[in-house]
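S.K.: Pasting a structure here, questions to come.
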Amino acid sequence: MDYEAKEIHVGMADLKIAKAPVVLSSLGIGSCVGVILYYARAKIGGLAHIMLPDIEAVKNKANRGKFANTAIPDLLEKLEELGADRRFVRAKIMGGAHMFGFAKTNKVFNIGARNVEKVKEVLKSLKLKLVAEDTGGSYGRSLYFYLETGEVRVRTLAHGEKII
């Protein structure tokens with residue numbers, strides 16, 4: 001992997017698209033979910049750092065990148081504008097941790113699990129194939145998406161590093 005490629009950071013409740021050799025990164029993903037969409041033929045992809053499952057559950061709908069049910073379709077649309085064929089776009093997801101002990105037994109408070117569930121539902125509705133995931137647990141993750149290869153390096157403090 002080219003660790004010297006230009007890195008573009010994707011903050012919380014944001015989404016960005018890029019083309020190889022760029023590296024898209026997002027740091028400190030806890031209960032949020034990092035959603036990666038990748039079109040290998042053109043080495044283009046996008047990353048959304050999703051905070052909440054559903055835009056319909058809130059009054060302020062200004063930031064579509066914050067919600068699974070709006071960020072993922074928006075990310076796909078941007079990739080299609082660059083020439084991606086959705087039939088060949090692949091998804092990877094990371095995050096969705098239960099960061100607070102009391103949240104494990106109460107689904108209302110376990111926003112991580114709700115985020116993962118909604119992300120998978122949206123991917124399925126868009127007919128996007130989920131090819132890899134690193135979700136759950138009770139720890140945060142940082143991710144680095146290498147558009148040259150489609151690989152994602154997932155780093156954690158207590159659980160090491162893996163490539164998915």
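We label chains A, B, ... in the order they appear in the structure tokens, count residues from 1 in each chain, and number ligands from 1 in the order shown.
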Could you make a table, as CSV, of the residues of region 25-94 of chain A that have an atom within 7 Å of an atom of region 134-144 of chain A, each with its nearest atom pair and distance in Å to one decimal, counting only C-alpha atoms, in chain and number order?

M.R.:
residue,atom,partner,partner_atom,distance
A:Ser25,CA,A:Tyr144,CA,4.4
A:Ser26,CA,A:Leu143,CA,5.4
A:Leu27,CA,A:Ser142,CA,4.2
A:Gly28,CA,A:Ser142,CA,5.2
A:Ile29,CA,A:Arg141,CA,5.0
A:Gly30,CA,A:Gly140,CA,4.3
A:Ile93,CA,A:Asp134,CA,6.4
A:Met94,CA,A:Asp134,CA,4.7

S.K.: Next, write the just-selected residues to a file, as an mmCIF file, in the first residue's frame, keeping C-alpha atoms as the atom set.

M.R.:
data_model
loop_
_atom_site.group_PDB
_atom_site.id
_atom_site.type_symbol
_atom_site.label_atom_id
_atom_site.label_comp_id
_atom_site.auth_asym_id
_atom_site.auth_seq_id
_atom_site.Cartn_x
_atom_site.Cartn_y
_atom_site.Cartn_z
ATOM 1 C CA SER A 25 -9.552 8.533 6.462
ATOM 2 C CA SER A 26 -11.876 8.874 9.409
ATOM 3 C CA LEU A 27 -10.709 8.859 13.003
ATOM 4 C CA GLY A 28 -12.357 7.918 16.269
ATOM 5 C CA ILE A 29 -15.374 6.030 14.977
ATOM 6 C CA GLY A 30 -17.239 4.713 18.031
ATOM 7 C CA ILE A 93 -18.554 -0.851 6.960
ATOM 8 C CA MET A 94 -16.768 -0.233 10.250
#

S.K.: Per residue of region 30-76 of chain A within 9 Å of region 8-13 of chain A, record the nearest atom pair and its distance in Å to one decimal, counting only C-alpha atoms, with rows in chain order and ascending residue number, as a tab-separated table.

M.R.:
residue	atom	partner	partner_atom	distance
A:Cys32	CA	A:Met12	CA	8.1
A:Leu47	CA	A:Val10	CA	7.1
A:Ala48	CA	A:Val10	CA	7.2
A:His49	CA	A:Met12	CA	5.2
A:Ile50	CA	A:Ala13	CA	5.4
A:Met51	CA	A:Ala13	CA	5.9
A:Leu52	CA	A:Ala13	CA	8.7
A:Asn63	CA	A:Ala13	CA	7.3
A:Arg64	CA	A:Ala13	CA	8.0
A:Gly65	CA	A:Ala13	CA	5.0
A:Lys66	CA	A:Ala13	CA	3.9
A:Phe67	CA	A:Ala13	CA	7.5
A:Ala71	CA	A:Ala13	CA	8.7

S.K.: Let's see if you can do this: from backbone DSSP, list all strand (DSSP E or B) residues in region 133-163 of chain A, as a list of chain:residue names.

M.R.: A:Glu133, A:Asp134, A:Thr135, A:Arg141, A:Ser142, A:Leu143, A:Tyr144, A:Phe145, A:Tyr146, A:Val152, A:Arg153, A:Val154, A:Arg155, A:Glu161, A:Lys162, A:Ile163

S.K.: Produce a file of the selected residues containing C-alpha atoms, as a PDB file, in the first residue's frame.

M.R.:
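Output saved as result_11.pdb:
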ATOM      1  CA  GLU A 133     -17.316  -5.312   7.922  1.00  0.00           C
ATOM      2  CA  ASP A 134     -15.680  -4.688  11.258  1.00  0.00           C
ATOM      3  CA  THR A 135     -18.516  -3.679  13.569  1.00  0.00           C
ATOM      4  CA  ARG A 141     -11.761   2.571  15.356  1.00  0.00           C
ATOM      5  CA  SER A 142      -9.895   4.737  12.898  1.00  0.00           C
ATOM      6  CA  LEU A 143      -9.941   3.800   9.247  1.00  0.00           C
ATOM      7  CA  TYR A 144      -7.836   4.478   6.196  1.00  0.00           C
ATOM      8  CA  PHE A 145      -9.312   3.649   2.779  1.00  0.00           C
ATOM      9  CA  TYR A 146      -6.736   3.210   0.002  1.00  0.00           C
ATOM     10  CA  VAL A 152      -9.195  -0.472   4.340  1.00  0.00           C
ATOM     11  CA  ARG A 153      -6.785  -0.375   7.276  1.00  0.00           C
ATOM     12  CA  VAL A 154      -8.734  -0.413  10.543  1.00  0.00           C
ATOM     13  CA  ARG A 155      -6.768   0.689  13.600  1.00  0.00           C
ATOM     14  CA  GLU A 161      -4.819  -3.252  13.268  1.00  0.00           C
ATOM     15  CA  LYS A 162      -6.373  -5.213  10.428  1.00  0.00           C
ATOM     16  CA  ILE A 163      -6.856  -4.892   6.690  1.00  0.00           C
TER      17      ILE A 163
END

S.K.: Excluding same-chain residues fewer than 4 positions from Val131 (chain A), what lies within 9 Å of it counting only C-alpha atoms, as an NGL selection string?

M.R.: :A and (90-93)

S.K.: Can you tell me which residues surround Glu121 (chain A) at a distance of at most 10 Å, considering only C-alpha atoms, apart from same-chain residues fewer than 5 positions away, and format the answer as a PyMOL selection string?

M.R.: chain A and resi 68-69+115-116+126-127

S.K.: Write down as a ChimeraX atom specification the residues belonging to chain A that are assigned helix (DSSP H, G or I) by DSSP computed on the backbone.

M.R.: /A:55-57,64-66,68-81,86-88,101-105,111-125

S.K.: May I ask which of the residues A:Lys19, A:Lys43, A:Lys59, A:His98 is the closest one to Ile111 (chain A), counting only C-alpha atoms?

M.R.: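 Going through A:Lys19, A:Lys43, A:Lys59, A:His98 one by one, the smallest distance to Ile111 (chain A) is for A:His98.
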
S.K.: Which residues, written as number ranges by chain, have at least one atom at most 10 Å from Tyr39 (chain A), with only C-alpha atoms counted and residues fewer than 5 positions away on the same chain left out?

M.R.: A: 19, 44-46, 79-80, 83-91, 147, 150
